[in-house]
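So this one's input-v5.tsv, TSV, C-alpha atoms:
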```
chain	number	residue	atom	x	y	z
C	1	MET	CA	171.11	243.14	258.38
C	2	SER	CA	173.33	245.45	256.33
C	3	GLN	CA	175.61	244.00	253.70
C	4	THR	CA	179.37	244.59	253.88
C	5	PRO	CA	180.41	247.00	251.11
C	6	TRP	CA	182.55	245.56	248.32
C	7	ILE	CA	185.12	248.31	248.74
C	8	ALA	CA	186.35	249.51	252.13
C	9	PRO	CA	188.93	252.19	253.03
C	10	VAL	CA	192.47	250.91	252.63
C	11	VAL	CA	196.00	252.34	252.55
C	12	LEU	CA	197.94	251.42	249.38
C	13	GLU	CA	201.71	251.85	249.64
C	14	GLY	CA	204.29	252.09	246.88
C	15	GLN	CA	207.89	253.17	246.57
C	16	HIS	CA	207.05	256.78	245.59
C	17	VAL	CA	203.52	257.33	246.91
C	18	VAL	CA	201.09	256.29	249.59
C	19	LEU	CA	197.36	256.38	248.79
C	20	GLU	CA	195.49	257.05	252.02
C	21	PRO	CA	191.74	257.32	252.54
C	22	LEU	CA	190.60	260.89	251.94
C	23	HIS	CA	189.74	262.81	255.12
C	24	PRO	CA	188.64	266.39	255.89
C	25	ASP	CA	192.07	266.91	257.44
C	26	HIS	CA	193.52	266.74	253.91
C	27	VAL	CA	191.73	269.91	252.74
C	28	SER	CA	194.51	272.43	253.46
C	29	ASP	CA	197.17	270.20	251.86
C	30	LEU	CA	195.03	269.61	248.77
C	31	ARG	CA	194.35	273.34	248.52
C	32	ARG	CA	198.10	273.93	248.42
C	33	ALA	CA	198.54	271.21	245.78
C	34	THR	CA	195.91	272.77	243.47
C	35	ARG	CA	197.85	276.06	243.52
C	36	ASP	CA	200.90	274.33	242.01
C	37	GLY	CA	200.11	275.01	238.37
C	38	GLU	CA	196.68	276.57	239.03
C	39	LEU	CA	195.20	273.27	237.92
C	40	TRP	CA	191.59	274.39	238.20
C	41	ARG	CA	192.15	276.68	235.19
C	42	LEU	CA	192.35	273.65	232.88
C	43	TRP	CA	188.78	273.78	231.60
C	44	TYR	CA	188.68	270.08	230.64
C	45	THR	CA	189.54	268.74	234.13
C	46	SER	CA	187.67	268.52	237.44
C	47	VAL	CA	190.35	269.90	239.77
C	48	PRO	CA	188.85	272.05	242.54
C	49	THR	CA	189.68	275.70	243.01
C	50	PRO	CA	191.51	276.45	246.27
C	51	GLU	CA	188.27	277.93	247.64
C	52	GLY	CA	186.26	274.89	246.48
C	53	THR	CA	188.54	272.23	247.95
C	54	ALA	CA	186.51	271.66	251.14
C	55	ASP	CA	183.32	271.13	249.08
C	56	TYR	CA	185.24	268.80	246.73
C	57	VAL	CA	186.35	266.64	249.67
C	58	GLU	CA	182.84	266.71	251.17
C	59	ARG	CA	181.29	265.49	247.89
C	60	ALA	CA	183.93	262.77	247.57
C	61	LEU	CA	183.20	261.54	251.09
C	62	ALA	CA	179.45	261.60	250.38
C	63	GLY	CA	180.16	259.20	247.50
C	64	GLN	CA	182.07	256.99	249.91
C	65	GLN	CA	179.13	256.96	252.32
C	66	ALA	CA	176.85	255.95	249.42
C	67	HIS	CA	179.29	253.13	248.45
C	68	THR	CA	179.66	254.60	244.95
C	69	ALA	CA	183.21	255.94	245.46
C	70	MET	CA	186.37	255.39	247.48
C	71	PRO	CA	188.52	258.55	247.42
C	72	PHE	CA	192.22	258.78	248.26
C	73	ALA	CA	194.72	261.50	249.01
C	74	VAL	CA	198.08	260.96	247.29
C	75	ARG	CA	201.05	261.40	249.62
C	76	HIS	CA	204.53	261.74	248.11
C	77	ARG	CA	206.96	259.68	250.16
C	78	ALA	CA	210.10	261.75	249.49
C	79	ASP	CA	208.75	264.98	251.00
C	80	ASP	CA	205.80	263.55	252.99
C	81	GLU	CA	203.40	265.98	251.27
C	82	ILE	CA	199.88	265.48	249.94
C	83	ILE	CA	200.24	266.20	246.22
C	84	GLY	CA	196.86	265.28	244.76
C	85	SER	CA	193.88	262.99	244.81
C	86	THR	CA	192.37	260.01	242.99
C	87	ARG	CA	189.48	257.64	243.61
C	88	TYR	CA	187.54	254.56	242.70
C	89	CYS	CA	184.17	255.78	241.42
C	90	ASN	CA	181.06	254.52	239.62
C	91	ILE	CA	181.40	251.40	241.74
C	92	ASP	CA	179.17	248.56	240.54
C	93	ALA	CA	179.65	245.87	243.19
C	94	ALA	CA	177.08	243.47	241.72
C	95	ASN	CA	179.04	243.31	238.46
C	96	ARG	CA	182.50	243.75	240.04
C	97	ARG	CA	183.25	246.82	237.92
C	98	LEU	CA	184.60	250.21	238.89
C	99	GLU	CA	186.23	253.29	237.45
C	100	ILE	CA	189.45	255.03	238.43
C	101	GLY	CA	188.92	258.77	238.11
C	102	TYR	CA	189.06	262.25	239.60
C	103	THR	CA	192.84	261.95	239.38
C	104	TRP	CA	195.03	265.04	239.60
C	105	TYR	CA	198.47	265.93	240.92
C	106	ALA	CA	200.37	269.13	241.68
C	107	GLN	CA	202.07	270.26	238.49
C	108	ARG	CA	205.60	269.51	239.71
C	109	HIS	CA	204.69	265.80	240.03
C	110	GLN	CA	203.12	265.42	236.59
C	111	ARG	CA	205.05	263.35	234.03
C	112	SER	CA	206.90	261.61	236.86
C	113	ALA	CA	206.66	258.12	238.37
C	114	VAL	CA	203.71	259.27	240.51
C	115	ASN	CA	200.84	258.56	238.10
C	116	GLY	CA	202.21	255.21	236.96
C	117	GLU	CA	202.64	254.00	240.50
C	118	CYS	CA	199.22	255.28	241.60
C	119	LYS	CA	197.60	253.40	238.73
C	120	LEU	CA	199.60	250.26	239.53
C	121	LEU	CA	198.49	250.36	243.18
C	122	LEU	CA	194.83	250.99	242.31
C	123	LEU	CA	194.66	248.44	239.51
C	124	ARG	CA	196.47	245.76	241.52
C	125	HIS	CA	194.09	246.24	244.46
C	126	ALA	CA	191.06	246.21	242.13
C	127	PHE	CA	191.99	243.06	240.25
C	128	GLU	CA	193.97	241.06	242.83
C	129	THR	CA	192.19	241.93	246.09
C	130	LEU	CA	188.67	242.98	245.08
C	131	GLY	CA	188.37	240.54	242.18
C	132	ALA	CA	187.20	243.20	239.71
C	133	ILE	CA	186.40	241.94	236.22
C	134	ALA	CA	186.82	245.35	234.57
C	135	VAL	CA	188.24	248.75	235.46
C	136	GLU	CA	187.26	251.83	233.46
C	137	LEU	CA	189.17	255.07	232.99
C	138	ARG	CA	187.38	258.06	231.47
C	139	THR	CA	188.50	261.48	230.35
C	140	HIS	CA	187.38	264.56	228.44
C	141	TRP	CA	187.74	264.31	224.66
C	142	HIS	CA	189.93	267.44	224.70
C	143	ASN	CA	192.23	266.18	227.48
C	144	LEU	CA	194.87	264.79	225.13
C	145	PRO	CA	197.57	264.33	227.82
C	146	SER	CA	195.15	262.20	229.85
C	147	ARG	CA	194.04	260.17	226.83
C	148	THR	CA	197.67	259.49	225.93
C	149	ALA	CA	198.55	258.48	229.50
C	150	ILE	CA	195.57	256.11	229.76
C	151	ALA	CA	196.40	254.44	226.45
C	152	ARG	CA	200.04	254.11	227.56
C	153	LEU	CA	198.84	252.11	230.59
C	154	GLY	CA	197.57	249.45	228.21
C	155	ALA	CA	193.87	250.34	228.49
C	156	LYS	CA	191.73	249.87	225.39
C	157	GLN	CA	189.40	252.59	224.14
C	158	ASP	CA	185.79	251.38	224.33
C	159	GLY	CA	184.17	254.42	222.77
C	160	VAL	CA	183.08	258.03	223.13
C	161	LEU	CA	179.99	259.16	225.05
C	162	ARG	CA	178.95	262.31	223.19
C	163	ASN	CA	177.31	265.17	225.12
C	164	HIS	CA	177.88	262.99	228.16
C	165	MET	CA	178.09	265.73	230.81
C	166	VAL	CA	177.38	269.42	231.31
C	167	MET	CA	180.54	271.12	232.56
C	168	PRO	CA	180.50	273.85	235.24
C	169	ASP	CA	180.86	276.50	232.51
C	170	GLY	CA	177.82	275.12	230.65
C	171	THR	CA	179.74	273.43	227.82
C	172	TYR	CA	179.09	269.79	226.96
C	173	ARG	CA	181.72	267.15	227.59
C	174	ASP	CA	182.33	264.26	225.22
C	175	THR	CA	183.77	261.50	227.41
C	176	VAL	CA	186.30	258.99	226.09
C	177	VAL	CA	185.89	255.61	227.82
C	178	PHE	CA	188.78	253.19	228.23
C	179	SER	CA	188.90	249.90	230.12
C	180	ILE	CA	191.16	247.11	231.27
C	181	ILE	CA	189.54	243.70	231.77
C	182	GLU	CA	190.76	240.99	234.10
C	183	GLY	CA	192.37	238.87	231.36
C	184	GLU	CA	194.46	241.87	230.27
C	185	TRP	CA	195.65	242.74	233.78
C	186	PRO	CA	198.79	240.52	233.87
C	187	GLY	CA	200.16	242.18	230.72
C	188	VAL	CA	199.22	245.68	231.87
C	189	LYS	CA	200.82	245.01	235.26
C	190	ARG	CA	204.03	243.79	233.66
C	191	GLY	CA	204.22	246.89	231.48
C	192	LEU	CA	203.63	249.24	234.40
C	193	GLU	CA	206.21	247.52	236.57
C	194	PHE	CA	208.75	247.60	233.72
C	195	ARG	CA	208.29	251.34	233.13
C	196	LEU	CA	208.48	252.12	236.87
C	197	ALA	CA	211.68	250.08	237.22
C	198	ARG	CA	213.27	252.23	234.50
```
As structure tokens - that is how I would like this structure written.
Amino acid sequence: MSQTPWIAPVVLEGQHVVLEPLHPDHVSDLRRATRDGELWRLWYTSVPTPEGTADYVERALAGQQAHTAMPFAVRHRADDEIIGSTRYCNIDAANRRLEIGYTWYAQRHQRSAVNGECKLLLLRHAFETLGAIAVELRTHWHNLPSRTAIARLGAKQDGVLRNHMVMPDGTYRDTVVFSIIEGEWPGVKRGLEFRLAR
């Protein structure tokens, strides 16, 4: 008898965005979103090229099938457009831990309420519905905007994994690891809600 996975597809709705389970039908919209700012040219991120978007979605859905990831498309409520993607990944159901990663948005939605609300929706679901005891957020050492944004959430830096990954161009990635643990969630939630209300 198969065991029910810890994480199942779910729609998470906020004031500015809706996170909906990623589907192959999202490919063309995501391809358009990547072109806004040519995001794949940022060497320290994992945004797909327009031509690689279908493979990106396929790999994300393979992770979902393996119960190691739960990917979402990010829909912007105001214009009803798919503007990016994010996911739960590195899911460790036995220890009730997961990571929020693979997050990117069309350039015009960066430094807006979008990222804060996406993180609020994902963290709230992780801690309050799934009963997670820790949520990790990781980024490239050289991705200073991402490191700043993660710290601003209220996450604490756990450390740096040196030569952690080989990037598509053959360079080595040092990965900065942050986390929020369950006892910190009420304070992090309050801070996120305060900033979004402003």
Give me, as CSV, the closest atom pair and its distance (Å, one decimal) for every residue of stretch 37-70 of chain C within a cut-off of 9 Å of stretch 21-31 of chain C, counting all atoms listed in the file, rows sorted by chain and rising number.
```
residue,atom,partner,partner_atom,distance
C:Pro48,CA,C:Arg31,CA,8.2
C:Thr49,CA,C:Arg31,CA,7.6
C:Pro50,CA,C:Arg31,CA,4.8
C:Glu51,CA,C:Arg31,CA,7.7
C:Gly52,CA,C:Arg31,CA,8.5
C:Thr53,CA,C:Arg31,CA,5.9
C:Ala54,CA,C:Val27,CA,5.7
C:Tyr56,CA,C:Val27,CA,8.9
C:Val57,CA,C:Pro24,CA,6.6
C:Glu58,CA,C:Pro24,CA,7.5
C:Ala60,CA,C:Leu22,CA,8.2
C:Leu61,CA,C:Leu22,CA,7.5
C:Met70,CA,C:Pro21,CA,7.6
```
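The closest residue to C:Trp185, picked from C:Leu137, C:Ala66, C:Ala126, C:Ala197 and counting only C-alpha atoms, is C:Ala126.
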Item checked: atom CA of C:Thr139 to atom CA of C:Leu161, straight-line distance in Å -> 10.3 Å
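Distance annotation: of C:Gly183, C:Phe72, C:Glu81, C:Arg111, the residue with the minimal separation from C:Ser146 is C:Arg111; atom set is all atoms listed in the file.
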Checklist line | Shell of 9 Å around C:Val188, only C-alpha atoms, local chain residues under 4 positions omitted, as a PyMOL selection string | finding: chain C and resi 120+153-155+180+184+192-193
Preceding selection exported with C-alpha atoms as an mmCIF file, in the coordinates of the input:
```
data_model
loop_
_atom_site.group_PDB
_atom_site.id
_atom_site.type_symbol
_atom_site.label_atom_id
_atom_site.label_comp_id
_atom_site.auth_asym_id
_atom_site.auth_seq_id
_atom_site.Cartn_x
_atom_site.Cartn_y
_atom_site.Cartn_z
ATOM 1 C CA LEU C 120 199.600 250.260 239.530
ATOM 2 C CA LEU C 153 198.840 252.110 230.590
ATOM 3 C CA GLY C 154 197.570 249.450 228.210
ATOM 4 C CA ALA C 155 193.870 250.340 228.490
ATOM 5 C CA ILE C 180 191.160 247.110 231.270
ATOM 6 C CA GLU C 184 194.460 241.870 230.270
ATOM 7 C CA LEU C 192 203.630 249.240 234.400
ATOM 8 C CA GLU C 193 206.210 247.520 236.570
#
```
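Candidate residues C:Ile7, C:Ala149, C:Ile100, C:Val176 were compared for distance to C:Ser112, and the nearest is C:Ala149, using only C-alpha atoms.
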